[in-house]
$ cat my_file-v5.pdb   # PDB, C-alpha atoms, pLDDT in the B column
ATOM      1  CA  MET A   1     -33.028  22.909  20.815  1.00 81.00           C
ATOM      2  CA  ARG A   2     -33.616  19.254  20.116  1.00 89.00           C
ATOM      3  CA  LYS A   3     -33.210  16.976  23.086  1.00 95.00           C
ATOM      4  CA  LEU A   4     -33.592  13.225  23.377  1.00 97.00           C
ATOM      5  CA  LEU A   5     -36.077  12.440  26.141  1.00 98.00           C
ATOM      6  CA  SER A   6     -35.604   9.845  28.844  1.00 97.00           C
ATOM      7  CA  GLU A   7     -38.277   7.215  29.400  1.00 96.00           C
ATOM      8  CA  LYS A   8     -39.530   9.200  32.373  1.00 97.00           C
ATOM      9  CA  GLU A   9     -39.636  12.442  30.415  1.00 97.00           C
ATOM     10  CA  VAL A  10     -41.577  10.704  27.629  1.00 98.00           C
ATOM     11  CA  GLU A  11     -44.122   9.482  30.179  1.00 97.00           C
ATOM     12  CA  GLN A  12     -44.485  13.001  31.550  1.00 97.00           C
ATOM     13  CA  GLN A  13     -44.913  14.499  28.076  1.00 97.00           C
ATOM     14  CA  LEU A  14     -47.506  11.869  27.147  1.00 98.00           C
ATOM     15  CA  THR A  15     -49.842  13.273  29.780  1.00 97.00           C
ATOM     16  CA  GLY A  16     -49.923  16.528  27.781  1.00 95.00           C
ATOM     17  CA  VAL A  17     -51.074  15.076  24.442  1.00 96.00           C
ATOM     18  CA  LYS A  18     -54.337  13.217  23.874  1.00 95.00           C
ATOM     19  CA  GLY A  19     -54.459   9.852  22.133  1.00 97.00           C
ATOM     20  CA  TRP A  20     -50.739   9.583  21.453  1.00 98.00           C
ATOM     21  CA  GLN A  21     -48.969   6.450  22.645  1.00 98.00           C
ATOM     22  CA  ILE A  22     -45.581   4.813  22.373  1.00 97.00           C
ATOM     23  CA  THR A  23     -45.603   2.056  19.735  1.00 96.00           C
ATOM     24  CA  ASN A  24     -42.378   0.350  18.676  1.00 94.00           C
ATOM     25  CA  GLY A  25     -40.349   3.142  20.231  1.00 96.00           C
ATOM     26  CA  LYS A  26     -42.239   5.836  18.355  1.00 98.00           C
ATOM     27  CA  LEU A  27     -44.838   8.414  19.303  1.00 98.00           C
ATOM     28  CA  GLN A  28     -47.933   7.194  17.482  1.00 98.00           C
ATOM     29  CA  LYS A  29     -51.536   8.220  16.956  1.00 98.00           C
ATOM     30  CA  GLU A  30     -54.288   7.125  14.613  1.00 98.00           C
ATOM     31  CA  PHE A  31     -56.725   9.661  13.190  1.00 97.00           C
ATOM     32  CA  LEU A  32     -60.130   8.746  11.808  1.00 97.00           C
ATOM     33  CA  PHE A  33     -62.065  10.896   9.341  1.00 97.00           C
ATOM     34  CA  GLN A  34     -65.401  10.852   7.582  1.00 97.00           C
ATOM     35  CA  ASP A  35     -63.877   9.981   4.213  1.00 97.00           C
ATOM     36  CA  PHE A  36     -60.720  10.065   2.103  1.00 98.00           C
ATOM     37  CA  THR A  37     -61.109  13.713   1.105  1.00 97.00           C
ATOM     38  CA  ARG A  38     -61.080  14.786   4.729  1.00 97.00           C
ATOM     39  CA  ALA A  39     -58.240  12.408   5.609  1.00 98.00           C
ATOM     40  CA  PHE A  40     -56.071  13.739   2.805  1.00 98.00           C
ATOM     41  CA  GLY A  41     -56.958  17.326   3.659  1.00 97.00           C
ATOM     42  CA  PHE A  42     -55.599  16.624   7.123  1.00 98.00           C
ATOM     43  CA  MET A  43     -52.481  15.052   5.621  1.00 98.00           C
ATOM     44  CA  THR A  44     -51.873  18.182   3.573  1.00 98.00           C
ATOM     45  CA  SER A  45     -51.924  20.274   6.732  1.00 98.00           C
ATOM     46  CA  VAL A  46     -49.581  17.847   8.491  1.00 98.00           C
ATOM     47  CA  ALA A  47     -47.217  17.981   5.503  1.00 98.00           C
ATOM     48  CA  LEU A  48     -46.931  21.762   5.902  1.00 98.00           C
ATOM     49  CA  ILE A  49     -46.142  21.344   9.598  1.00 98.00           C
ATOM     50  CA  ALA A  50     -43.527  18.713   8.734  1.00 98.00           C
ATOM     51  CA  GLU A  51     -41.806  20.847   6.136  1.00 97.00           C
ATOM     52  CA  SER A  52     -41.881  23.993   8.258  1.00 97.00           C
ATOM     53  CA  MET A  53     -40.363  22.119  11.230  1.00 97.00           C
ATOM     54  CA  ASN A  54     -38.018  20.162   8.949  1.00 96.00           C
ATOM     55  CA  HIS A  55     -39.211  17.122  10.872  1.00 97.00           C
ATOM     56  CA  HIS A  56     -40.934  14.393   8.904  1.00 97.00           C
ATOM     57  CA  PRO A  57     -43.258  11.667  10.133  1.00 98.00           C
ATOM     58  CA  GLU A  58     -43.555   8.062   9.141  1.00 98.00           C
ATOM     59  CA  TRP A  59     -47.184   7.852   8.236  1.00 98.00           C
ATOM     60  CA  ARG A  60     -49.690   5.752   6.408  1.00 98.00           C
ATOM     61  CA  ASN A  61     -53.181   6.197   5.085  1.00 98.00           C
ATOM     62  CA  VAL A  62     -55.963   3.842   4.118  1.00 98.00           C
ATOM     63  CA  TYR A  63     -59.150   5.606   3.000  1.00 97.00           C
ATOM     64  CA  ASN A  64     -60.342   7.522   6.079  1.00 98.00           C
ATOM     65  CA  ARG A  65     -57.561   6.450   8.452  1.00 98.00           C
ATOM     66  CA  VAL A  66     -54.222   8.184   8.985  1.00 98.00           C
ATOM     67  CA  SER A  67     -51.574   6.778  11.309  1.00 98.00           C
ATOM     68  CA  ILE A  68     -48.653   9.014  12.275  1.00 98.00           C
ATOM     69  CA  GLU A  69     -45.436   7.762  13.893  1.00 98.00           C
ATOM     70  CA  LEU A  70     -42.882  10.216  15.202  1.00 98.00           C
ATOM     71  CA  SER A  71     -39.289   9.788  16.286  1.00 98.00           C
ATOM     72  CA  THR A  72     -36.067  11.713  15.892  1.00 96.00           C
ATOM     73  CA  HIS A  73     -33.838   9.430  13.833  1.00 91.00           C
ATOM     74  CA  ASP A  74     -30.517  11.179  14.274  1.00 92.00           C
ATOM     75  CA  LEU A  75     -30.952  11.352  18.051  1.00 95.00           C
ATOM     76  CA  GLY A  76     -32.014   7.705  18.127  1.00 94.00           C
ATOM     77  CA  GLY A  77     -35.317   8.060  19.945  1.00 97.00           C
ATOM     78  CA  ILE A  78     -38.155  10.360  20.897  1.00 98.00           C
ATOM     79  CA  SER A  79     -37.245  14.011  21.405  1.00 98.00           C
ATOM     80  CA  ASN A  80     -39.006  17.186  22.495  1.00 97.00           C
ATOM     81  CA  LEU A  81     -39.441  17.915  18.756  1.00 97.00           C
ATOM     82  CA  ASP A  82     -41.735  14.911  18.412  1.00 98.00           C
ATOM     83  CA  PHE A  83     -44.017  16.205  21.133  1.00 98.00           C
ATOM     84  CA  GLN A  84     -43.994  19.700  19.588  1.00 98.00           C
ATOM     85  CA  PHE A  85     -45.003  18.078  16.307  1.00 98.00           C
ATOM     86  CA  ALA A  86     -47.765  16.064  18.013  1.00 98.00           C
ATOM     87  CA  SER A  87     -49.166  19.220  19.646  1.00 97.00           C
ATOM     88  CA  LYS A  88     -49.208  21.101  16.349  1.00 97.00           C
ATOM     89  CA  VAL A  89     -51.031  18.214  14.662  1.00 98.00           C
ATOM     90  CA  ASP A  90     -53.618  18.093  17.431  1.00 97.00           C
ATOM     91  CA  GLN A  91     -54.169  21.840  17.127  1.00 96.00           C
ATOM     92  CA  LEU A  92     -55.302  21.304  13.510  1.00 93.00           C
ATOM     93  CA  SER A  93     -58.584  19.816  14.651  1.00 76.00           C
ATOM     94  CA  SER A  94     -59.188  22.166  17.572  1.00 66.00           C
TER      95      SER A  94
ATOM     96  CA  MET B  95     -66.340  -2.887 -15.145  1.00 81.00           C
ATOM     97  CA  ARG B  96     -64.351  -4.134 -12.208  1.00 89.00           C
ATOM     98  CA  LYS B  97     -63.107  -7.685 -12.533  1.00 95.00           C
ATOM     99  CA  LEU B  98     -61.049  -9.779 -10.145  1.00 97.00           C
ATOM    100  CA  LEU B  99     -57.967 -11.058 -11.971  1.00 98.00           C
ATOM    101  CA  SER B 100     -56.685 -14.620 -11.881  1.00 97.00           C
ATOM    102  CA  GLU B 101     -53.074 -15.268 -10.941  1.00 96.00           C
ATOM    103  CA  LYS B 102     -52.248 -15.712 -14.614  1.00 97.00           C
ATOM    104  CA  GLU B 103     -53.990 -12.488 -15.586  1.00 97.00           C
ATOM    105  CA  VAL B 104     -52.095 -10.627 -12.855  1.00 98.00           C
ATOM    106  CA  GLU B 105     -48.811 -11.977 -14.244  1.00 97.00           C
ATOM    107  CA  GLN B 106     -49.757 -10.824 -17.714  1.00 97.00           C
ATOM    108  CA  GLN B 107     -50.768  -7.367 -16.503  1.00 97.00           C
ATOM    109  CA  LEU B 108     -47.528  -7.020 -14.530  1.00 98.00           C
ATOM    110  CA  THR B 109     -45.571  -7.057 -17.794  1.00 97.00           C
ATOM    111  CA  GLY B 110     -47.336  -3.806 -18.732  1.00 95.00           C
ATOM    112  CA  VAL B 111     -46.363  -1.771 -15.669  1.00 96.00           C
ATOM    113  CA  LYS B 112     -42.808  -0.942 -14.623  1.00 95.00           C
ATOM    114  CA  GLY B 113     -41.574  -1.512 -11.090  1.00 97.00           C
ATOM    115  CA  TRP B 114     -44.837  -2.843  -9.705  1.00 98.00           C
ATOM    116  CA  GLN B 115     -44.775  -6.199  -7.954  1.00 98.00           C
ATOM    117  CA  ILE B 116     -47.066  -8.426  -5.932  1.00 97.00           C
ATOM    118  CA  THR B 117     -46.343  -8.078  -2.212  1.00 96.00           C
ATOM    119  CA  ASN B 118     -48.614  -9.714   0.362  1.00 94.00           C
ATOM    120  CA  GLY B 119     -51.298 -10.155  -2.252  1.00 96.00           C
ATOM    121  CA  LYS B 120     -51.233  -6.500  -3.246  1.00 98.00           C
ATOM    122  CA  LEU B 121     -49.912  -4.597  -6.238  1.00 98.00           C
ATOM    123  CA  GLN B 122     -47.028  -2.625  -4.752  1.00 98.00           C
ATOM    124  CA  LYS B 123     -44.442  -0.081  -5.853  1.00 98.00           C
ATOM    125  CA  GLU B 124     -42.020   2.180  -4.031  1.00 98.00           C
ATOM    126  CA  PHE B 125     -41.297   5.660  -5.335  1.00 97.00           C
ATOM    127  CA  LEU B 126     -38.189   7.632  -4.442  1.00 97.00           C
ATOM    128  CA  PHE B 127     -37.930  11.411  -4.665  1.00 97.00           C
ATOM    129  CA  GLN B 128     -35.365  14.103  -4.099  1.00 97.00           C
ATOM    130  CA  ASP B 129     -36.988  15.317  -0.892  1.00 97.00           C
ATOM    131  CA  PHE B 130     -40.211  15.449   1.117  1.00 98.00           C
ATOM    132  CA  THR B 131     -41.672  18.343  -0.838  1.00 97.00           C
ATOM    133  CA  ARG B 132     -41.458  16.385  -4.067  1.00 97.00           C
ATOM    134  CA  ALA B 133     -42.710  13.200  -2.417  1.00 98.00           C
ATOM    135  CA  PHE B 134     -45.749  14.950  -1.008  1.00 98.00           C
ATOM    136  CA  GLY B 135     -46.394  16.740  -4.299  1.00 97.00           C
ATOM    137  CA  PHE B 136     -46.569  13.304  -5.892  1.00 98.00           C
ATOM    138  CA  MET B 137     -48.921  12.100  -3.136  1.00 98.00           C
ATOM    139  CA  THR B 138     -51.249  15.016  -3.814  1.00 98.00           C
ATOM    140  CA  SER B 139     -51.483  13.979  -7.456  1.00 98.00           C
ATOM    141  CA  VAL B 140     -52.104  10.359  -6.471  1.00 98.00           C
ATOM    142  CA  ALA B 141     -54.834  11.490  -4.056  1.00 98.00           C
ATOM    143  CA  LEU B 142     -56.663  13.186  -6.934  1.00 98.00           C
ATOM    144  CA  ILE B 143     -56.430   9.994  -8.996  1.00 98.00           C
ATOM    145  CA  ALA B 144     -57.732   7.993  -6.037  1.00 98.00           C
ATOM    146  CA  GLU B 145     -60.699  10.244  -5.438  1.00 97.00           C
ATOM    147  CA  SER B 146     -61.609  10.517  -9.126  1.00 97.00           C
ATOM    148  CA  MET B 147     -61.499   6.713  -9.512  1.00 97.00           C
ATOM    149  CA  ASN B 148     -63.144   6.181  -6.122  1.00 96.00           C
ATOM    150  CA  HIS B 149     -60.375   3.669  -5.523  1.00 97.00           C
ATOM    151  CA  HIS B 150     -58.063   4.325  -2.609  1.00 97.00           C
ATOM    152  CA  PRO B 151     -54.575   2.982  -1.977  1.00 98.00           C
ATOM    153  CA  GLU B 152     -52.925   1.797   1.173  1.00 98.00           C
ATOM    154  CA  TRP B 153     -49.831   3.933   1.219  1.00 98.00           C
ATOM    155  CA  ARG B 154     -47.073   5.163   3.453  1.00 98.00           C
ATOM    156  CA  ASN B 155     -44.479   7.882   3.331  1.00 98.00           C
ATOM    157  CA  VAL B 156     -41.202   8.503   5.097  1.00 98.00           C
ATOM    158  CA  TYR B 157     -39.421  11.662   3.965  1.00 97.00           C
ATOM    159  CA  ASN B 158     -38.614  11.078   0.271  1.00 98.00           C
ATOM    160  CA  ARG B 159     -40.101   7.579  -0.024  1.00 98.00           C
ATOM    161  CA  VAL B 160     -43.666   6.699  -0.931  1.00 98.00           C
ATOM    162  CA  SER B 161     -44.898   3.110  -0.985  1.00 98.00           C
ATOM    163  CA  ILE B 162     -48.249   2.375  -2.628  1.00 98.00           C
ATOM    164  CA  GLU B 163     -50.193  -0.872  -2.209  1.00 98.00           C
ATOM    165  CA  LEU B 164     -53.247  -1.565  -4.312  1.00 98.00           C
ATOM    166  CA  SER B 165     -55.980  -4.155  -4.035  1.00 98.00           C
ATOM    167  CA  THR B 166     -59.731  -4.248  -4.470  1.00 96.00           C
ATOM    168  CA  HIS B 167     -61.085  -5.074  -1.034  1.00 91.00           C
ATOM    169  CA  ASP B 168     -64.679  -5.887  -1.898  1.00 92.00           C
ATOM    170  CA  LEU B 169     -63.603  -8.243  -4.683  1.00 95.00           C
ATOM    171  CA  GLY B 170     -61.032  -9.846  -2.364  1.00 94.00           C
ATOM    172  CA  GLY B 171     -57.945  -9.453  -4.516  1.00 97.00           C
ATOM    173  CA  ILE B 172     -56.291  -7.583  -7.352  1.00 98.00           C
ATOM    174  CA  SER B 173     -58.597  -6.333 -10.084  1.00 98.00           C
ATOM    175  CA  ASN B 174     -58.257  -4.550 -13.411  1.00 97.00           C
ATOM    176  CA  LEU B 175     -58.950  -1.336 -11.485  1.00 97.00           C
ATOM    177  CA  ASP B 176     -55.676  -1.733  -9.583  1.00 98.00           C
ATOM    178  CA  PHE B 177     -53.717  -1.920 -12.799  1.00 98.00           C
ATOM    179  CA  GLN B 178     -55.589   1.090 -14.207  1.00 98.00           C
ATOM    180  CA  PHE B 179     -54.648   2.954 -11.051  1.00 98.00           C
ATOM    181  CA  ALA B 180     -50.996   1.870 -11.333  1.00 98.00           C
ATOM    182  CA  SER B 181     -50.839   3.069 -14.942  1.00 97.00           C
ATOM    183  CA  LYS B 182     -52.290   6.447 -14.047  1.00 97.00           C
ATOM    184  CA  VAL B 183     -49.764   6.850 -11.233  1.00 98.00           C
ATOM    185  CA  ASP B 184     -46.901   5.975 -13.551  1.00 97.00           C
ATOM    186  CA  GLN B 185     -48.126   8.511 -16.094  1.00 96.00           C
ATOM    187  CA  LEU B 186     -47.637  11.258 -13.490  1.00 94.00           C
ATOM    188  CA  SER B 187     -43.883  11.095 -13.872  1.00 76.00           C
ATOM    189  CA  SER B 188     -43.812  10.594 -17.653  1.00 66.00           C
TER     190      SER B 188
END

$ encode --input "my_file-v5.pdb" --output "structure tokens"
Amino acid sequence: MRKLLSEKEVEQQLTGVKGWQITNGKLQKEFLFQDFTRAFGFMTSVALIAESMNHHPEWRNVYNRVSIELSTHDLGGISNLDFQFASKVDQLSS
Amino acid sequence: MRKLLSEKEVEQQLTGVKGWQITNGKLQKEFLFQDFTRAFGFMTSVALIAESMNHHPEWRNVYNRVSIELSTHDLGGISNLDFQFASKVDQLSS
């Protein structure tokens, strides 16, 4: 079930994910890699998460940097799905 | 050979590539696809171009949209390499 989170719920959820922050109303994190090959390898993994969850990030890449922004457009804010997505992304490097 | 292009040379080169424009001093184009799978498939191809040319774009993706910005940082502007890159990207869909 997708559920829009209140400001307080977002704050609570933020304690459970490392390095993610709220930027412009979105759940955001920047990832740094050794080089472009590794950055794009990571992006490929994130793309598979996105497609399997049918939940797609706004993201950008410059060389070894990847910035991911998450929100749930049709609910108009940050939902539990965004935090699930963030956790799955973080599990990639664990 | 990499060569920084003058404003006039950039204008001339722009006539040879479709849909590319100068935005914030960078050579920019937005690509639209049917869905995320196709957009990311395109990005994978662009990543291979980038790595083979050792020239990496600033780019972003949201669902079926991909925006690519090209410039040659160490030359401080747009070079012939950026237009070579743009042509290679355009050839992907031809």

$ residues_around --input "my_file-v5.pdb" --residues "Asp90 of chain A" --least-positions-apart "5" --cutoff "12 Å" --atoms "only C-alpha atoms" --output "list in words"
Gly16, Val17, Lys18, Gly19, Trp20, Lys29, Glu30, Phe31, Phe42, Ser45, Val46, Ile49, Ile68, Phe83, Gln84 and Phe85 of chain A

$ atom_distance --input "my_file-v5.pdb" --atom1 "atom CA of Leu142 of chain B" --atom2 "atom CA of Ser87 of chain A"
28.3 Å

$ residues_around --input "my_file-v5.pdb" --residues "Gly171 of chain B" --least-positions-apart "2" --cutoff "8 Å" --atoms "all atoms listed in the file" --output "list in words"
Leu98, Leu99, Gly119, Lys120, Ser165, Thr166, His167, Leu169 and Ser173 of chain B

$ resolve_selection --input "my_file-v5.pdb" --expression "the PyMOL selection byres ((chain A) within 12 of (chain B))" --output "PDB file with C-alpha atoms, in the coordinates of the input"
ATOM      1  CA  ASP A  35     -63.877   9.981   4.213  1.00 97.00           C
ATOM      2  CA  PHE A  36     -60.720  10.065   2.103  1.00 98.00           C
ATOM      3  CA  THR A  37     -61.109  13.713   1.105  1.00 97.00           C
ATOM      4  CA  ARG A  38     -61.080  14.786   4.729  1.00 97.00           C
ATOM      5  CA  ALA A  39     -58.240  12.408   5.609  1.00 98.00           C
ATOM      6  CA  PHE A  40     -56.071  13.739   2.805  1.00 98.00           C
ATOM      7  CA  GLY A  41     -56.958  17.326   3.659  1.00 97.00           C
ATOM      8  CA  PHE A  42     -55.599  16.624   7.123  1.00 98.00           C
ATOM      9  CA  MET A  43     -52.481  15.052   5.621  1.00 98.00           C
ATOM     10  CA  THR A  44     -51.873  18.182   3.573  1.00 98.00           C
ATOM     11  CA  SER A  45     -51.924  20.274   6.732  1.00 98.00           C
ATOM     12  CA  VAL A  46     -49.581  17.847   8.491  1.00 98.00           C
ATOM     13  CA  ALA A  47     -47.217  17.981   5.503  1.00 98.00           C
ATOM     14  CA  LEU A  48     -46.931  21.762   5.902  1.00 98.00           C
ATOM     15  CA  ILE A  49     -46.142  21.344   9.598  1.00 98.00           C
ATOM     16  CA  ALA A  50     -43.527  18.713   8.734  1.00 98.00           C
ATOM     17  CA  GLU A  51     -41.806  20.847   6.136  1.00 97.00           C
ATOM     18  CA  SER A  52     -41.881  23.993   8.258  1.00 97.00           C
ATOM     19  CA  ASN A  54     -38.018  20.162   8.949  1.00 96.00           C
ATOM     20  CA  HIS A  55     -39.211  17.122  10.872  1.00 97.00           C
ATOM     21  CA  HIS A  56     -40.934  14.393   8.904  1.00 97.00           C
ATOM     22  CA  PRO A  57     -43.258  11.667  10.133  1.00 98.00           C
ATOM     23  CA  GLU A  58     -43.555   8.062   9.141  1.00 98.00           C
ATOM     24  CA  TRP A  59     -47.184   7.852   8.236  1.00 98.00           C
ATOM     25  CA  ARG A  60     -49.690   5.752   6.408  1.00 98.00           C
ATOM     26  CA  ASN A  61     -53.181   6.197   5.085  1.00 98.00           C
ATOM     27  CA  VAL A  62     -55.963   3.842   4.118  1.00 98.00           C
ATOM     28  CA  TYR A  63     -59.150   5.606   3.000  1.00 97.00           C
ATOM     29  CA  ASN A  64     -60.342   7.522   6.079  1.00 98.00           C
ATOM     30  CA  ARG A  65     -57.561   6.450   8.452  1.00 98.00           C
ATOM     31  CA  VAL A  66     -54.222   8.184   8.985  1.00 98.00           C
ATOM     32  CA  SER A  67     -51.574   6.778  11.309  1.00 98.00           C
ATOM     33  CA  ILE A  68     -48.653   9.014  12.275  1.00 98.00           C
ATOM     34  CA  GLU A  69     -45.436   7.762  13.893  1.00 98.00           C
ATOM     35  CA  LEU A  70     -42.882  10.216  15.202  1.00 98.00           C
ATOM     36  CA  SER A  71     -39.289   9.788  16.286  1.00 98.00           C
ATOM     37  CA  HIS A  73     -33.838   9.430  13.833  1.00 91.00           C
TER      38      HIS A  73
END

$ atom_distance --input "my_file-v5.pdb" --atom1 "atom CA of Lys88 of chain A" --atom2 "atom CA of Gln34 of chain A"
21.1 Å

$ build_atoms --input "my_file-v5.pdb" --residues "segment 167-176 of chain B" --atoms "all heavy atoms" --output "PDB file, in the frame of the given file"
ATOM      1  N   HIS B 167     -60.626  -4.388  -2.241  1.00 91.00           N
ATOM      2  CA  HIS B 167     -61.085  -5.074  -1.034  1.00 91.00           C
ATOM      3  C   HIS B 167     -62.367  -5.867  -1.245  1.00 91.00           C
ATOM      4  O   HIS B 167     -62.448  -7.029  -0.893  1.00 91.00           O
ATOM      5  CB  HIS B 167     -61.303  -4.044   0.086  1.00 91.00           C
ATOM      6  CG  HIS B 167     -60.051  -3.321   0.457  1.00 91.00           C
ATOM      7  ND1 HIS B 167     -59.088  -3.868   1.273  1.00 91.00           N
ATOM      8  CD2 HIS B 167     -59.568  -2.116   0.084  1.00 91.00           C
ATOM      9  CE1 HIS B 167     -58.083  -3.025   1.405  1.00 91.00           C
ATOM     10  NE2 HIS B 167     -58.350  -1.944   0.693  1.00 91.00           N
ATOM     11  N   ASP B 168     -63.366  -5.218  -1.839  1.00 92.00           N
ATOM     12  CA  ASP B 168     -64.679  -5.887  -1.898  1.00 92.00           C
ATOM     13  C   ASP B 168     -64.700  -7.025  -2.916  1.00 92.00           C
ATOM     14  O   ASP B 168     -65.612  -7.846  -2.894  1.00 92.00           O
ATOM     15  CB  ASP B 168     -65.811  -4.879  -2.149  1.00 92.00           C
ATOM     16  CG  ASP B 168     -65.529  -3.982  -3.335  1.00 92.00           C
ATOM     17  OD1 ASP B 168     -64.365  -3.894  -3.760  1.00 92.00           O
ATOM     18  OD2 ASP B 168     -66.475  -3.382  -3.862  1.00 92.00           O
ATOM     19  N   LEU B 169     -63.700  -7.080  -3.791  1.00 95.00           N
ATOM     20  CA  LEU B 169     -63.603  -8.243  -4.683  1.00 95.00           C
ATOM     21  C   LEU B 169     -62.636  -9.281  -4.101  1.00 95.00           C
ATOM     22  O   LEU B 169     -62.522 -10.394  -4.588  1.00 95.00           O
ATOM     23  CB  LEU B 169     -63.135  -7.827  -6.086  1.00 95.00           C
ATOM     24  CG  LEU B 169     -64.083  -6.927  -6.892  1.00 95.00           C
ATOM     25  CD1 LEU B 169     -63.524  -6.683  -8.287  1.00 95.00           C
ATOM     26  CD2 LEU B 169     -65.474  -7.565  -7.001  1.00 95.00           C
ATOM     27  N   GLY B 170     -61.907  -8.895  -3.062  1.00 94.00           N
ATOM     28  CA  GLY B 170     -61.032  -9.846  -2.364  1.00 94.00           C
ATOM     29  C   GLY B 170     -59.740 -10.164  -3.088  1.00 94.00           C
ATOM     30  O   GLY B 170     -59.221 -11.275  -2.979  1.00 94.00           O
ATOM     31  N   GLY B 171     -59.215  -9.196  -3.835  1.00 97.00           N
ATOM     32  CA  GLY B 171     -57.945  -9.453  -4.516  1.00 97.00           C
ATOM     33  C   GLY B 171     -57.559  -8.309  -5.423  1.00 97.00           C
ATOM     34  O   GLY B 171     -57.988  -7.165  -5.209  1.00 97.00           O
ATOM     35  N   ILE B 172     -56.750  -8.604  -6.420  1.00 98.00           N
ATOM     36  CA  ILE B 172     -56.291  -7.583  -7.352  1.00 98.00           C
ATOM     37  C   ILE B 172     -57.188  -7.598  -8.589  1.00 98.00           C
ATOM     38  O   ILE B 172     -57.430  -8.650  -9.174  1.00 98.00           O
ATOM     39  CB  ILE B 172     -54.817  -7.834  -7.742  1.00 98.00           C
ATOM     40  CG1 ILE B 172     -53.937  -7.689  -6.493  1.00 98.00           C
ATOM     41  CG2 ILE B 172     -54.371  -6.870  -8.821  1.00 98.00           C
ATOM     42  CD1 ILE B 172     -52.498  -8.083  -6.705  1.00 98.00           C
ATOM     43  N   SER B 173     -57.672  -6.431  -8.951  1.00 98.00           N
ATOM     44  CA  SER B 173     -58.597  -6.333 -10.084  1.00 98.00           C
ATOM     45  C   SER B 173     -57.971  -5.491 -11.195  1.00 98.00           C
ATOM     46  O   SER B 173     -56.899  -4.906 -11.031  1.00 98.00           O
ATOM     47  CB  SER B 173     -59.914  -5.697  -9.628  1.00 98.00           C
ATOM     48  OG  SER B 173     -59.734  -4.302  -9.461  1.00 98.00           O
ATOM     49  N   ASN B 174     -58.693  -5.416 -12.309  1.00 97.00           N
ATOM     50  CA  ASN B 174     -58.257  -4.550 -13.411  1.00 97.00           C
ATOM     51  C   ASN B 174     -58.146  -3.091 -12.965  1.00 97.00           C
ATOM     52  O   ASN B 174     -57.317  -2.339 -13.471  1.00 97.00           O
ATOM     53  CB  ASN B 174     -59.219  -4.687 -14.596  1.00 97.00           C
ATOM     54  CG  ASN B 174     -60.675  -4.399 -14.221  1.00 97.00           C
ATOM     55  OD1 ASN B 174     -61.033  -4.489 -13.038  1.00 97.00           O
ATOM     56  ND2 ASN B 174     -61.491  -4.061 -15.198  1.00 97.00           N
ATOM     57  N   LEU B 175     -58.964  -2.707 -12.005  1.00 97.00           N
ATOM     58  CA  LEU B 175     -58.950  -1.336 -11.485  1.00 97.00           C
ATOM     59  C   LEU B 175     -57.584  -0.997 -10.862  1.00 97.00           C
ATOM     60  O   LEU B 175     -57.094   0.132 -10.990  1.00 97.00           O
ATOM     61  CB  LEU B 175     -60.039  -1.195 -10.421  1.00 97.00           C
ATOM     62  CG  LEU B 175     -60.612   0.194 -10.167  1.00 97.00           C
ATOM     63  CD1 LEU B 175     -61.271   0.744 -11.417  1.00 97.00           C
ATOM     64  CD2 LEU B 175     -61.643   0.153  -9.040  1.00 97.00           C
ATOM     65  N   ASP B 176     -56.983  -1.961 -10.206  1.00 98.00           N
ATOM     66  CA  ASP B 176     -55.676  -1.733  -9.583  1.00 98.00           C
ATOM     67  C   ASP B 176     -54.610  -1.449 -10.637  1.00 98.00           C
ATOM     68  O   ASP B 176     -53.753  -0.592 -10.445  1.00 98.00           O
ATOM     69  CB  ASP B 176     -55.294  -2.937  -8.714  1.00 98.00           C
ATOM     70  CG  ASP B 176     -56.263  -3.121  -7.563  1.00 98.00           C
ATOM     71  OD1 ASP B 176     -56.484  -2.142  -6.819  1.00 98.00           O
ATOM     72  OD2 ASP B 176     -56.818  -4.225  -7.418  1.00 98.00           O
TER      73      ASP B 176
END
